[in-house]
file target08.txt (compact mmCIF, C-alpha atoms and all ligand atoms)
# COMPACT_ATOMS: atom_id res chain seq x y z
CA MET A 1 6.76 -21.60 20.90
CA ASP A 2 9.79 -19.30 21.25
CA GLY A 3 9.70 -15.63 20.35
CA ILE A 4 6.84 -13.14 20.36
CA LEU A 5 3.93 -14.28 18.23
CA VAL A 6 1.70 -11.54 16.89
CA LEU A 7 -1.70 -12.21 15.36
CA GLY A 8 -2.29 -9.44 12.79
CA ILE A 9 -5.79 -8.50 11.60
CA GLU A 10 -6.54 -6.28 8.58
CA SER A 11 -9.93 -5.20 7.21
CA SER A 12 -9.49 -1.57 6.11
CA CYS A 13 -10.76 -1.92 2.54
CA ASP A 14 -11.67 -5.00 0.49
CA GLU A 15 -9.34 -7.66 1.88
CA THR A 16 -10.17 -9.61 5.03
CA ALA A 17 -6.78 -10.77 6.29
CA ALA A 18 -5.12 -12.40 9.28
CA ALA A 19 -1.52 -13.52 9.81
CA VAL A 20 0.75 -14.94 12.48
CA VAL A 21 4.26 -13.46 12.54
CA ARG A 22 7.11 -14.38 14.90
CA ASP A 23 9.35 -11.58 16.23
CA GLY A 24 8.12 -9.19 13.56
CA ARG A 25 9.96 -10.88 10.72
CA GLU A 26 9.05 -14.54 10.32
CA VAL A 27 5.70 -15.14 8.66
CA LEU A 28 4.11 -18.33 10.00
CA SER A 29 0.86 -17.73 8.09
CA ASN A 30 -0.64 -15.04 5.87
CA VAL A 31 -4.30 -15.53 4.95
CA ILE A 32 -6.02 -13.07 2.61
CA ASN A 33 -9.67 -13.27 1.59
CA SER A 34 -9.99 -10.82 -1.29
CA GLN A 35 -13.35 -9.34 -2.25
CA ILE A 36 -12.10 -8.09 -5.62
CA ALA A 37 -14.37 -10.41 -7.61
CA ILE A 38 -17.39 -9.13 -5.65
CA HIS A 39 -16.65 -5.42 -6.12
CA ARG A 40 -15.62 -5.82 -9.78
CA GLN A 41 -19.27 -5.93 -10.86
CA PHE A 42 -19.74 -2.43 -9.32
CA GLY A 43 -16.53 -1.02 -10.85
CA GLY A 44 -15.06 -0.18 -7.44
CA VAL A 45 -15.27 -0.94 -3.72
CA VAL A 46 -18.79 -0.53 -2.29
CA PRO A 47 -18.15 0.23 1.41
CA GLU A 48 -21.26 -1.39 2.84
CA VAL A 49 -20.80 -4.54 0.76
CA ALA A 50 -17.19 -4.68 1.98
CA SER A 51 -18.26 -4.50 5.65
CA ARG A 52 -20.80 -7.27 5.20
CA HIS A 53 -18.23 -9.58 3.65
CA HIS A 54 -15.67 -8.78 6.35
CA ILE A 55 -18.12 -9.78 9.09
CA GLU A 56 -18.92 -13.05 7.33
CA ASN A 57 -15.29 -14.00 6.77
CA ILE A 58 -13.22 -12.61 9.60
CA ASP A 59 -13.54 -15.55 12.02
CA LEU A 60 -12.80 -18.06 9.25
CA VAL A 61 -9.76 -16.09 8.14
CA ILE A 62 -8.42 -15.86 11.72
CA ASP A 63 -8.97 -19.60 12.29
CA LYS A 64 -7.12 -20.39 9.07
CA ALA A 65 -4.23 -18.10 10.04
CA LEU A 66 -3.86 -20.03 13.32
CA SER A 67 -4.12 -23.46 11.72
CA ASP A 68 -1.73 -22.58 8.86
CA ALA A 69 0.76 -21.42 11.48
CA ASN A 70 0.16 -24.60 13.47
CA VAL A 71 -0.62 -22.62 16.64
CA THR A 72 -3.62 -22.03 18.87
CA PHE A 73 -4.91 -18.86 20.53
CA SER A 74 -2.93 -19.68 23.67
CA ASP A 75 0.35 -19.42 21.71
CA ILE A 76 -0.43 -15.85 20.59
CA ASP A 77 1.28 -13.08 22.62
CA VAL A 78 -0.13 -9.93 21.01
CA ILE A 79 -3.11 -8.98 18.85
CA ALA A 80 -2.39 -6.23 16.30
CA VAL A 81 -5.14 -4.67 14.22
CA THR A 82 -5.47 -1.93 11.61
CA TYR A 83 -7.56 0.90 13.08
CA GLY A 84 -7.13 3.45 10.26
CA PRO A 85 -6.99 4.92 7.73
CA GLY A 86 -9.66 3.14 5.70
CA LEU A 87 -13.40 2.63 5.32
CA VAL A 88 -15.03 3.04 8.71
CA GLY A 89 -17.47 0.15 8.47
CA ALA A 90 -14.73 -2.14 7.20
CA LEU A 91 -12.22 -1.09 9.88
CA LEU A 92 -14.80 -1.62 12.64
CA VAL A 93 -15.07 -5.32 11.81
CA GLY A 94 -11.34 -5.94 12.37
CA VAL A 95 -11.17 -3.64 15.39
CA SER A 96 -14.18 -5.31 17.05
CA SER A 97 -12.80 -8.80 16.45
CA ALA A 98 -9.39 -7.83 17.81
CA LYS A 99 -10.93 -6.25 20.90
CA ALA A 100 -13.11 -9.30 21.56
CA LEU A 101 -10.07 -11.59 21.26
CA SER A 102 -7.93 -9.35 23.46
CA TYR A 103 -10.64 -9.26 26.13
CA ALA A 104 -11.47 -12.97 26.05
CA LEU A 105 -7.86 -14.20 25.85
CA LYS A 106 -6.41 -11.51 28.14
CA LYS A 107 -3.75 -10.69 25.54
CA PRO A 108 -2.38 -7.21 24.81
CA LEU A 109 -3.94 -5.25 21.95
CA VAL A 110 -2.03 -2.91 19.61
CA GLY A 111 -3.82 -0.65 17.12
CA VAL A 112 -1.76 -0.23 13.92
CA ASN A 113 -1.74 2.54 11.32
CA HIS A 114 -2.37 0.92 7.91
CA ILE A 115 0.28 3.07 6.19
CA LYS A 116 2.90 2.07 8.76
CA GLY A 117 1.83 -1.49 7.99
CA HIS A 118 2.56 -1.02 4.28
CA ILE A 119 6.03 0.27 5.12
CA ALA A 120 6.61 -2.70 7.46
CA ALA A 121 5.96 -5.10 4.55
CA ASN A 122 9.57 -4.40 3.61
CA PHE A 123 10.78 -5.66 7.01
CA VAL A 124 8.84 -8.86 6.42
CA ALA A 125 10.25 -9.27 2.91
CA HIS A 126 13.88 -8.31 3.69
CA LYS A 127 15.08 -9.92 6.90
CA ASP A 128 18.25 -7.79 7.18
CA LEU A 129 16.63 -4.43 6.40
CA LYS A 130 17.11 -1.88 9.18
CA PRO A 131 16.11 1.78 9.35
CA PRO A 132 16.90 4.48 8.42
CA PHE A 133 15.74 4.55 4.78
CA VAL A 134 13.34 6.41 2.53
CA CYS A 135 10.06 4.66 1.65
CA LEU A 136 7.61 5.49 -1.12
CA VAL A 137 4.16 4.28 -0.03
CA ALA A 138 1.80 4.34 -3.00
CA SER A 139 -1.56 2.63 -2.86
CA GLY A 140 -5.19 3.17 -3.80
CA GLY A 141 -5.75 5.61 -0.95
CA HIS A 142 -2.31 7.09 -0.17
CA SER A 143 0.90 8.35 -1.72
CA HIS A 144 3.61 9.37 0.72
CA ILE A 145 7.37 9.71 0.76
CA VAL A 146 8.46 8.81 4.26
CA TRP A 147 11.80 8.99 6.04
CA VAL A 148 11.79 5.87 8.22
CA LYS A 149 14.07 7.03 11.04
CA ASP A 150 13.72 3.92 13.16
CA TYR A 151 11.15 1.16 13.66
CA ASN A 152 8.64 3.54 15.22
CA GLY A 153 9.65 7.05 14.14
CA LEU A 154 8.57 8.38 10.76
CA GLU A 155 8.89 11.76 9.06
CA VAL A 156 6.60 12.47 6.11
CA MET A 157 8.68 14.23 3.43
CA GLY A 158 5.98 14.42 0.76
CA ARG A 159 2.39 13.42 0.13
CA THR A 160 -0.22 13.73 -2.58
CA ARG A 161 -2.22 16.94 -2.62
CA ASP A 162 -5.14 15.31 -4.51
CA ASP A 163 -5.48 11.78 -5.93
CA ALA A 164 -3.38 8.86 -4.72
CA ALA A 165 -1.23 7.20 -7.39
CA GLY A 166 -3.30 3.99 -7.34
CA GLU A 167 -6.50 6.02 -7.59
CA ALA A 168 -5.15 7.70 -10.76
CA PHE A 169 -4.24 4.26 -12.20
CA ASP A 170 -7.74 2.97 -11.41
CA LYS A 171 -9.50 6.01 -12.92
CA VAL A 172 -7.47 6.02 -16.14
CA ALA A 173 -7.96 2.25 -16.44
CA ARG A 174 -11.70 2.78 -16.13
CA VAL A 175 -11.69 5.42 -18.90
CA LEU A 176 -9.78 2.93 -21.07
CA GLY A 177 -12.48 0.33 -20.27
CA LEU A 178 -10.06 -2.06 -18.55
CA GLY A 179 -12.10 -3.09 -15.50
CA TYR A 180 -11.34 -3.17 -11.79
CA PRO A 181 -8.90 -2.90 -10.13
CA GLY A 182 -7.30 -0.99 -12.95
CA GLY A 183 -3.68 -0.72 -11.75
CA PRO A 184 -2.55 -4.27 -12.53
CA LEU A 185 -4.53 -4.38 -15.80
CA LEU A 186 -3.04 -1.08 -16.96
CA ASP A 187 0.45 -2.31 -15.98
CA GLU A 188 -0.05 -5.43 -18.12
CA LEU A 189 -1.51 -3.53 -21.10
CA SER A 190 1.35 -1.00 -21.03
CA LYS A 191 3.87 -3.73 -21.74
CA GLY A 192 2.61 -3.82 -25.34
CA GLY A 193 2.41 -0.04 -25.76
CA ASN A 194 4.72 2.79 -26.81
CA LYS A 195 5.33 5.15 -23.88
CA GLU A 196 6.55 7.91 -26.23
CA THR A 197 3.11 8.26 -27.90
CA VAL A 198 1.83 11.14 -25.74
CA LYS A 199 3.87 13.31 -23.36
CA PHE A 200 1.48 13.61 -20.39
CA PRO A 201 2.36 16.20 -17.69
CA ARG A 202 4.84 15.47 -14.90
CA VAL A 203 3.70 17.80 -12.15
CA ARG A 204 6.21 19.49 -9.88
CA MET A 205 4.93 21.70 -7.07
CA GLU A 206 5.79 25.38 -7.27
CA ASP A 207 7.45 25.24 -3.88
CA ASN A 208 9.63 22.40 -5.19
CA SER A 209 8.49 20.12 -2.38
CA PHE A 210 8.38 16.35 -2.67
CA ASP A 211 4.56 16.48 -2.75
CA PHE A 212 2.64 14.87 -5.60
CA SER A 213 -0.39 15.84 -7.67
CA PHE A 214 -1.93 13.19 -9.90
CA SER A 215 -5.29 14.73 -10.76
CA GLY A 216 -3.72 16.78 -13.59
CA VAL A 217 -2.26 13.81 -15.42
CA LYS A 218 -5.53 11.90 -15.01
CA THR A 219 -7.50 14.84 -16.50
CA ALA A 220 -4.94 15.20 -19.30
CA VAL A 221 -5.53 11.57 -20.31
CA ILE A 222 -9.33 12.02 -20.21
CA ASN A 223 -9.15 15.23 -22.29
CA HIS A 224 -6.79 13.64 -24.79
CA LEU A 225 -9.16 10.69 -25.31
CA HIS A 226 -12.17 13.02 -25.66
CA LYS A 227 -10.41 14.97 -28.39
CA LEU A 228 -9.49 11.82 -30.27
CA ASP A 229 -13.07 10.54 -29.97
CA GLN A 230 -14.56 13.87 -31.12
CA ASN A 231 -12.34 13.85 -34.17
CA ASN A 232 -13.03 10.17 -34.85
CA VAL A 233 -9.35 9.38 -34.52
CA SER A 234 -8.68 5.79 -33.52
CA TYR A 235 -5.96 5.04 -30.99
CA ASN A 236 -4.14 2.16 -29.42
CA LYS A 237 -5.14 1.76 -25.76
CA ALA A 238 -1.79 0.21 -24.90
CA ASP A 239 0.03 3.35 -26.14
CA ILE A 240 -2.13 5.61 -23.96
CA ALA A 241 -1.70 3.30 -20.95
CA ALA A 242 2.08 3.19 -21.41
CA SER A 243 2.33 6.98 -21.82
CA PHE A 244 0.25 7.59 -18.67
CA GLN A 245 2.17 5.03 -16.63
CA ASP A 246 5.47 6.54 -17.77
CA ALA A 247 4.38 10.00 -16.55
CA VAL A 248 3.25 8.74 -13.13
CA THR A 249 6.28 6.55 -12.53
CA ASP A 250 8.65 9.36 -13.61
CA VAL A 251 7.25 11.60 -10.87
CA LEU A 252 7.19 8.83 -8.24
CA CYS A 253 10.82 7.91 -8.96
CA ASP A 254 12.20 11.44 -9.26
CA HIS A 255 10.66 12.71 -6.02
CA THR A 256 11.62 9.57 -4.08
CA ILE A 257 15.23 9.54 -5.26
CA GLU A 258 15.60 13.27 -4.56
CA ALA A 259 14.24 12.68 -1.07
CA ALA A 260 16.74 9.86 -0.53
CA ARG A 261 19.59 12.05 -1.74
CA LYS A 262 18.51 14.81 0.62
CA LYS A 263 18.70 12.36 3.54
CA HIS A 264 21.93 10.77 2.21
CA SER A 265 20.05 7.48 2.32
CA LYS A 266 21.56 4.57 0.43
CA ILE A 267 18.34 2.57 0.60
CA VAL A 268 14.95 3.27 -0.95
CA THR A 269 12.01 0.94 -0.34
CA ILE A 270 8.66 0.91 -2.13
CA ALA A 271 5.41 -0.22 -0.54
CA GLY A 272 1.64 -0.31 -1.15
CA GLY A 273 -0.34 -1.76 -4.05
CA VAL A 274 1.36 0.43 -6.67
CA ALA A 275 4.74 -1.00 -5.57
CA SER A 276 3.72 -4.07 -7.62
CA ASN A 277 3.94 -1.95 -10.78
CA SER A 278 6.58 -3.48 -13.02
CA GLN A 279 7.74 -0.22 -14.60
CA LEU A 280 7.96 1.55 -11.23
CA ARG A 281 10.18 -1.26 -9.88
CA GLU A 282 12.48 -1.21 -12.91
CA LYS A 283 12.69 2.55 -13.27
CA MET A 284 13.31 3.19 -9.57
CA THR A 285 16.05 0.53 -9.48
CA GLU A 286 17.73 1.89 -12.62
CA ARG A 287 17.62 5.57 -11.62
CA ALA A 288 18.63 4.99 -7.99
CA LYS A 289 21.65 2.98 -9.13
CA MET A 290 23.14 6.15 -10.67
CA TYR A 291 23.43 7.53 -7.12
CA GLY A 292 24.57 4.28 -5.50
CA ILE A 293 21.14 3.78 -3.90
CA ASP A 294 19.70 0.26 -3.54
CA VAL A 295 15.97 -0.25 -4.11
CA LEU A 296 13.96 -2.86 -2.20
CA PHE A 297 10.32 -3.84 -2.60
CA PRO A 298 8.15 -6.65 -1.23
CA PRO A 299 6.71 -9.45 -3.41
CA PRO A 300 3.27 -8.44 -4.82
CA VAL A 301 1.37 -10.41 -2.13
CA LEU A 302 2.93 -8.17 0.54
CA CYS A 303 2.44 -4.96 -1.51
CA THR A 304 -1.35 -5.10 -1.56
CA ASP A 305 -3.32 -5.27 1.69
CA ASN A 306 -2.36 -8.14 3.99
CA ALA A 307 -2.10 -8.81 7.72
CA ALA A 308 1.54 -9.97 7.88
CA MET A 309 2.57 -6.33 7.46
CA ILE A 310 0.17 -5.33 10.26
CA ALA A 311 1.56 -8.01 12.58
CA CYS A 312 5.10 -6.79 11.83
CA ALA A 313 4.29 -3.10 12.46
CA GLY A 314 2.35 -4.15 15.60
CA TYR A 315 5.36 -6.10 16.87
CA TYR A 316 7.65 -3.06 16.69
CA GLU A 317 5.02 -0.89 18.40
CA TYR A 318 4.55 -3.54 21.08
CA ILE A 319 8.25 -3.87 21.93
CA ASN A 320 8.37 -0.07 22.02
CA GLY A 321 5.72 -0.17 24.77
CA LYS A 322 2.55 0.69 22.87
CA ARG A 323 -0.69 -0.83 24.19
CA SER A 324 -4.23 -0.05 23.05
CA ASP A 325 -7.15 -0.51 25.40
CA LEU A 326 -10.73 -1.60 24.81
CA THR A 327 -11.74 1.96 23.89
CA LEU A 328 -9.82 1.54 20.59
CA ASN A 329 -11.97 2.85 17.76
CA ALA A 330 -11.71 2.96 13.97
CA VAL A 331 -10.16 6.23 12.70
CA PRO A 332 -11.00 6.44 8.97
CA SER A 333 -8.75 9.44 8.26
CA LEU A 334 -5.85 8.55 10.55
CA SER A 335 -2.67 10.27 9.32
CA VAL A 336 0.82 8.80 9.25
O1 LIG A 401 -2.34 -1.18 -0.95
P1 LIG A 401 -3.59 -1.54 -1.67
O2 LIG A 401 -3.93 -2.99 -1.81
O3 LIG A 401 -4.85 -0.88 -1.01
C1 LIG A 401 -4.89 0.40 -0.43
O4 LIG A 401 -4.44 0.53 0.75
O5 LIG A 401 -5.32 1.30 -1.16
O6 LIG A 401 -3.48 -0.84 -3.11
C2 LIG A 401 -4.43 -1.01 -4.10
C3 LIG A 401 -4.07 -0.10 -5.26
C4 LIG A 401 -5.12 -0.04 -6.35
O7 LIG A 401 -5.33 1.31 -6.71
C5 LIG A 401 -4.49 -0.84 -7.47
O8 LIG A 401 -4.95 -0.48 -8.76
C6 LIG A 401 -3.04 -0.51 -7.28
O9 LIG A 401 -2.84 -0.54 -5.89
N1 LIG A 401 -2.15 -1.50 -7.95
C7 LIG A 401 -1.35 -1.20 -8.99
C8 LIG A 401 -0.73 -2.42 -9.37
N2 LIG A 401 -1.18 -3.40 -8.54
C9 LIG A 401 -2.05 -2.81 -7.66
N3 LIG A 401 -1.13 -0.04 -9.62
C10 LIG A 401 -0.26 -0.05 -10.66
N4 LIG A 401 0.36 -1.18 -11.09
C11 LIG A 401 0.16 -2.38 -10.49
N5 LIG A 401 0.78 -3.47 -10.93
ZN ZN A 402 -3.41 -0.56 1.78
call {"tool": "encode", "arguments": {"input": "target08.txt", "output": "structure tokens"}}
result
Amino acid sequence: MDGILVLGIESSCDETAAAVVRDGREVLSNVINSQIAIHRQFGGVVPEVASRHHIENIDLVIDKALSDANVTFSDIDVIAVTYGPGLVGALLVGVSSAKALSYALKKPLVGVNHIKGHIAANFVAHKDLKPPFVCLVASGGHSHIVWVKDYNGLEVMGRTRDDAAGEAFDKVARVLGLGYPGGPLLDELSKGGNKETVKFPRVRMEDNSFDFSFSGVKTAVINHLHKLDQNNVSYNKADIAASFQDAVTDVLCDHTIEAARKKHSKIVTIAGGVASNSQLREKMTERAKMYGIDVLFPPPVLCTDNAAMIACAGYYEYINGKRSDLTLNAVPSLSV
């Protein structure tokens, strides 16, 4: 088969995923085995349970990625795998599988940073997208504003100083009794709520940086609900959800658009699980338009964890000369 075929492998949290991508942009297969239903009963991801399910499923997921793409191992040119950040026991499953395949098949191995993978989801979704642009990466574990200089060079312009945006969504959803994962449920509930009900804080750092802080808004919601409960005041959950979501998306949009204006960037992309948020997509698009900035985001299936984004990021690293060897290890707190 023509072109460079990359087999991507992802197992950093609760999705076991494998994908085959041609020349970084053309998805031939994208298989995701989600453990959400398993972790839901615990109210969050249980790391050891996640590892055990990864080890059971990874070979099946890889086989399906090959058969969906109508290729065999001999057609694959490169094996790309997430090696961090993430849960160590979960990462080790993907890393070990990728190393075994690389060794047995004598194919090059490329370790990929999960956050770079999230950014690359936009290259998969938008075939003509080229750097430079500003990207907001907001997921359950990370919130960064990144200047994507070229396919391999990134500059972090802002990051969260405490909770990630998705983490705040999940915690507030839990307090509202919505279940796990909270982000999508809170998004849905907010559609029927009034976002003007409570003005929750929009935190701006004293040094006026693009950094975020979401623990304050989370605590403000919890305190507000406590007060209402103590005073036996009933409330509409949808109104609280909408007010919280409005505060978080205001900050995400304002910081990202300011960062884009600073770089004179006419393109903003959004990535990571929170990029599925309907209000974030609408608000970012609307506000960016005022400055002539276009906003791009991947479809939801490429926002949450998947291996097509890892194959894409791995492809650009590979053509830039990066090779990992068989000493590749999981790095749970790998930075961007
Ligand atoms: O990127 P991802 O799948 O995993 C990490 O790398 O963390 O992101 C998962 C996070 C969760 O916190 C989830 O609640 C959040 O993304 N999320 C959302 C939405 N869909 C997923 N948050 C807000 N609105 C959504 N529609
Ligand atoms: Zn992720």
call {"tool": "closest_atom_pairs", "arguments": {"input": "target08.txt", "of": "chain A", "to": "ligand ZN 402 (chain A)", "cutoff": "12 Å", "atoms": "only C-alpha atoms and all ligand atoms", "output": "JSON lines"}}
result
{"residue": "A:Glu10", "atom": "CA", "partner": "A:ZN402", "partner_atom": "ZN", "distance": 9.4}
{"residue": "A:Ser11", "atom": "CA", "partner": "A:ZN402", "partner_atom": "ZN", "distance": 9.7}
{"residue": "A:Ser12", "atom": "CA", "partner": "A:ZN402", "partner_atom": "ZN", "distance": 7.5}
{"residue": "A:Cys13", "atom": "CA", "partner": "A:ZN402", "partner_atom": "ZN", "distance": 7.5}
{"residue": "A:Asp14", "atom": "CA", "partner": "A:ZN402", "partner_atom": "ZN", "distance": 9.5}
{"residue": "A:Glu15", "atom": "CA", "partner": "A:ZN402", "partner_atom": "ZN", "distance": 9.3}
{"residue": "A:Thr16", "atom": "CA", "partner": "A:ZN402", "partner_atom": "ZN", "distance": 11.8}
{"residue": "A:Ala17", "atom": "CA", "partner": "A:ZN402", "partner_atom": "ZN", "distance": 11.7}
{"residue": "A:Thr82", "atom": "CA", "partner": "A:ZN402", "partner_atom": "ZN", "distance": 10.1}
{"residue": "A:Gly84", "atom": "CA", "partner": "A:ZN402", "partner_atom": "ZN", "distance": 10.1}
{"residue": "A:Pro85", "atom": "CA", "partner": "A:ZN402", "partner_atom": "ZN", "distance": 8.8}
{"residue": "A:Gly86", "atom": "CA", "partner": "A:ZN402", "partner_atom": "ZN", "distance": 8.3}
{"residue": "A:Leu87", "atom": "CA", "partner": "A:ZN402", "partner_atom": "ZN", "distance": 11.1}
{"residue": "A:Leu91", "atom": "CA", "partner": "A:ZN402", "partner_atom": "ZN", "distance": 12.0}
{"residue": "A:Asn113", "atom": "CA", "partner": "A:ZN402", "partner_atom": "ZN", "distance": 10.2}
{"residue": "A:His114", "atom": "CA", "partner": "A:ZN402", "partner_atom": "ZN", "distance": 6.4}
{"residue": "A:Ile115", "atom": "CA", "partner": "A:ZN402", "partner_atom": "ZN", "distance": 6.8}
{"residue": "A:Lys116", "atom": "CA", "partner": "A:ZN402", "partner_atom": "ZN", "distance": 9.8}
{"residue": "A:Gly117", "atom": "CA", "partner": "A:ZN402", "partner_atom": "ZN", "distance": 8.2}
{"residue": "A:His118", "atom": "CA", "partner": "A:ZN402", "partner_atom": "ZN", "distance": 6.5}
{"residue": "A:Ile119", "atom": "CA", "partner": "A:ZN402", "partner_atom": "ZN", "distance": 10.0}
{"residue": "A:Ala120", "atom": "CA", "partner": "A:ZN402", "partner_atom": "ZN", "distance": 11.7}
{"residue": "A:Ala121", "atom": "CA", "partner": "A:ZN402", "partner_atom": "ZN", "distance": 10.8}
{"residue": "A:Val137", "atom": "CA", "partner": "A:ZN402", "partner_atom": "ZN", "distance": 9.2}
{"residue": "A:Ala138", "atom": "CA", "partner": "A:ZN402", "partner_atom": "ZN", "distance": 8.6}
{"residue": "A:Ser139", "atom": "CA", "partner": "A:ZN402", "partner_atom": "ZN", "distance": 5.9}
{"residue": "A:Gly140", "atom": "CA", "partner": "A:ZN402", "partner_atom": "ZN", "distance": 6.9}
{"residue": "A:Gly141", "atom": "CA", "partner": "A:ZN402", "partner_atom": "ZN", "distance": 7.1}
{"residue": "A:His142", "atom": "CA", "partner": "A:ZN402", "partner_atom": "ZN", "distance": 8.0}
{"residue": "A:Ser143", "atom": "CA", "partner": "A:ZN402", "partner_atom": "ZN", "distance": 10.5}
{"residue": "A:Ala164", "atom": "CA", "partner": "A:ZN402", "partner_atom": "ZN", "distance": 11.4}
{"residue": "A:Gly166", "atom": "CA", "partner": "A:ZN402", "partner_atom": "ZN", "distance": 10.2}
{"residue": "A:Glu167", "atom": "CA", "partner": "A:ZN402", "partner_atom": "ZN", "distance": 11.9}
{"residue": "A:Ala271", "atom": "CA", "partner": "A:ZN402", "partner_atom": "ZN", "distance": 9.1}
{"residue": "A:Gly272", "atom": "CA", "partner": "A:ZN402", "partner_atom": "ZN", "distance": 5.8}
{"residue": "A:Gly273", "atom": "CA", "partner": "A:ZN402", "partner_atom": "ZN", "distance": 6.7}
{"residue": "A:Val274", "atom": "CA", "partner": "A:ZN402", "partner_atom": "ZN", "distance": 9.8}
{"residue": "A:Ala275", "atom": "CA", "partner": "A:ZN402", "partner_atom": "ZN", "distance": 11.0}
{"residue": "A:Val301", "atom": "CA", "partner": "A:ZN402", "partner_atom": "ZN", "distance": 11.6}
{"residue": "A:Leu302", "atom": "CA", "partner": "A:ZN402", "partner_atom": "ZN", "distance": 10.0}
{"residue": "A:Cys303", "atom": "CA", "partner": "A:ZN402", "partner_atom": "ZN", "distance": 8.0}
{"residue": "A:Thr304", "atom": "CA", "partner": "A:ZN402", "partner_atom": "ZN", "distance": 6.0}
{"residue": "A:Asp305", "atom": "CA", "partner": "A:ZN402", "partner_atom": "ZN", "distance": 4.7}
{"residue": "A:Asn306", "atom": "CA", "partner": "A:ZN402", "partner_atom": "ZN", "distance": 8.0}
{"residue": "A:Ala307", "atom": "CA", "partner": "A:ZN402", "partner_atom": "ZN", "distance": 10.2}
{"residue": "A:Met309", "atom": "CA", "partner": "A:ZN402", "partner_atom": "ZN", "distance": 10.1}
{"residue": "A:Ile310", "atom": "CA", "partner": "A:ZN402", "partner_atom": "ZN", "distance": 10.4}
call {"tool": "atom_distance", "arguments": {"input": "target08.txt", "atom1": "atom CA of A:Met1", "atom2": "atom CA of A:Glu317"}}
result
20.9 Å
call {"tool": "atom_distance", "arguments": {"input": "target08.txt", "atom1": "atom CA of A:Arg281", "atom2": "atom CA of A:Phe297"}}
result
7.7 Å
call {"tool": "closest_residue", "arguments": {"input": "target08.txt", "among": "A:Lys199, A:Arg40, A:His224, A:Lys149", "to": "ligand LIG 401 (chain A)", "atoms": "all atoms listed in the file"}}
result
A:Arg40
call {"tool": "atom_distance", "arguments": {"input": "target08.txt", "atom1": "atom CA of A:Ser29", "atom2": "atom N3 of ligand LIG 401 (chain A)"}}
result
25.1 Å
call {"tool": "axis_aligned_box", "arguments": {"input": "target08.txt", "around": "ligand LIG 401 (chain A)", "padding_each_side": "3 Å", "output": "AutoDock Vina command-line options"}}
result
--center_x -2.3 --center_y -1.1 --center_z -5.2 --size_x 12.1 --size_y 10.8 --size_z 17.8
call {"tool": "closest_residue", "arguments": {"input": "target08.txt", "among": "A:Glu196, A:Asp239, A:Glu188, A:Asp246", "to": "ligand LIG 401 (chain A)", "atoms": "all atoms listed in the file"}}
result
A:Glu188
call {"tool": "closest_residue", "arguments": {"input": "target08.txt", "among": "A:Ser190, A:Ser243, A:Asn152, A:Ser234", "to": "ligand LIG 401 (chain A)", "atoms": "all atoms listed in the file"}}
result
A:Ser190
call {"tool": "closest_residue", "arguments": {"input": "target08.txt", "among": "A:Arg323, A:Lys171, A:Arg159, A:His39", "to": "ligand LIG 401 (chain A)", "atoms": "only C-alpha atoms and all ligand atoms"}}
result
A:Lys171
call {"tool": "closest_residue", "arguments": {"input": "target08.txt", "among": "A:Lys130, A:Lys191, A:Arg25, A:Lys106", "to": "ligand LIG 401 (chain A)", "atoms": "all atoms listed in the file"}}
result
A:Lys191
call {"tool": "residues_around", "arguments": {"input": "target08.txt", "residues": "A:Tyr316", "least_positions_apart": "3", "cutoff": "10 Å", "atoms": "all atoms listed in the file", "output": "MDAnalysis selection string"}}
result
chainID A and resid 23:24 120 150:152 311:313 319:322
call {"tool": "closest_residue", "arguments": {"input": "target08.txt", "among": "A:Ser265, A:Ser333, A:Gln230, A:Asn30", "to": "A:Val148", "atoms": "all atoms listed in the file"}}
result
A:Ser265
call {"tool": "residues_around", "arguments": {"input": "target08.txt", "residues": "A:Lys64", "least_positions_apart": "4", "cutoff": "7 Å", "atoms": "only C-alpha atoms", "output": "list in words"}}
result
Val31, Leu60 and Asp68 of chain A
call {"tool": "residues_around", "arguments": {"input": "target08.txt", "residues": "A:Asn329", "least_positions_apart": "4", "cutoff": "9 Å", "atoms": "all atoms listed in the file", "output": "list of chain:residue names"}}
result
A:Tyr83, A:Gly84, A:Leu91, A:Leu92, A:Val95, A:Ser96, A:Gly111
call {"tool": "write_last_selection", "arguments": {"input": "target08.txt", "atoms": "C-alpha atoms", "output": "short mmCIF file (atom, residue, chain, number, x, y, z; two decimals), in the coordinates of the input"}}
result
data_model
loop_
_atom_site.label_atom_id
_atom_site.label_comp_id
_atom_site.auth_asym_id
_atom_site.auth_seq_id
_atom_site.Cartn_x
_atom_site.Cartn_y
_atom_site.Cartn_z
CA TYR A 83 -7.56 0.90 13.08
CA GLY A 84 -7.13 3.45 10.26
CA LEU A 91 -12.22 -1.09 9.88
CA LEU A 92 -14.80 -1.62 12.64
CA VAL A 95 -11.17 -3.64 15.39
CA SER A 96 -14.18 -5.31 17.05
CA GLY A 111 -3.82 -0.65 17.12
#
call {"tool": "residues_around", "arguments": {"input": "target08.txt", "residues": "A:Ala259", "least_positions_apart": "5", "cutoff": "10 Å", "atoms": "only C-alpha atoms", "output": "PyMOL selection string"}}
result
chain A and resi 134-136+145-147+157-158+209-210+253-254+264-265+268
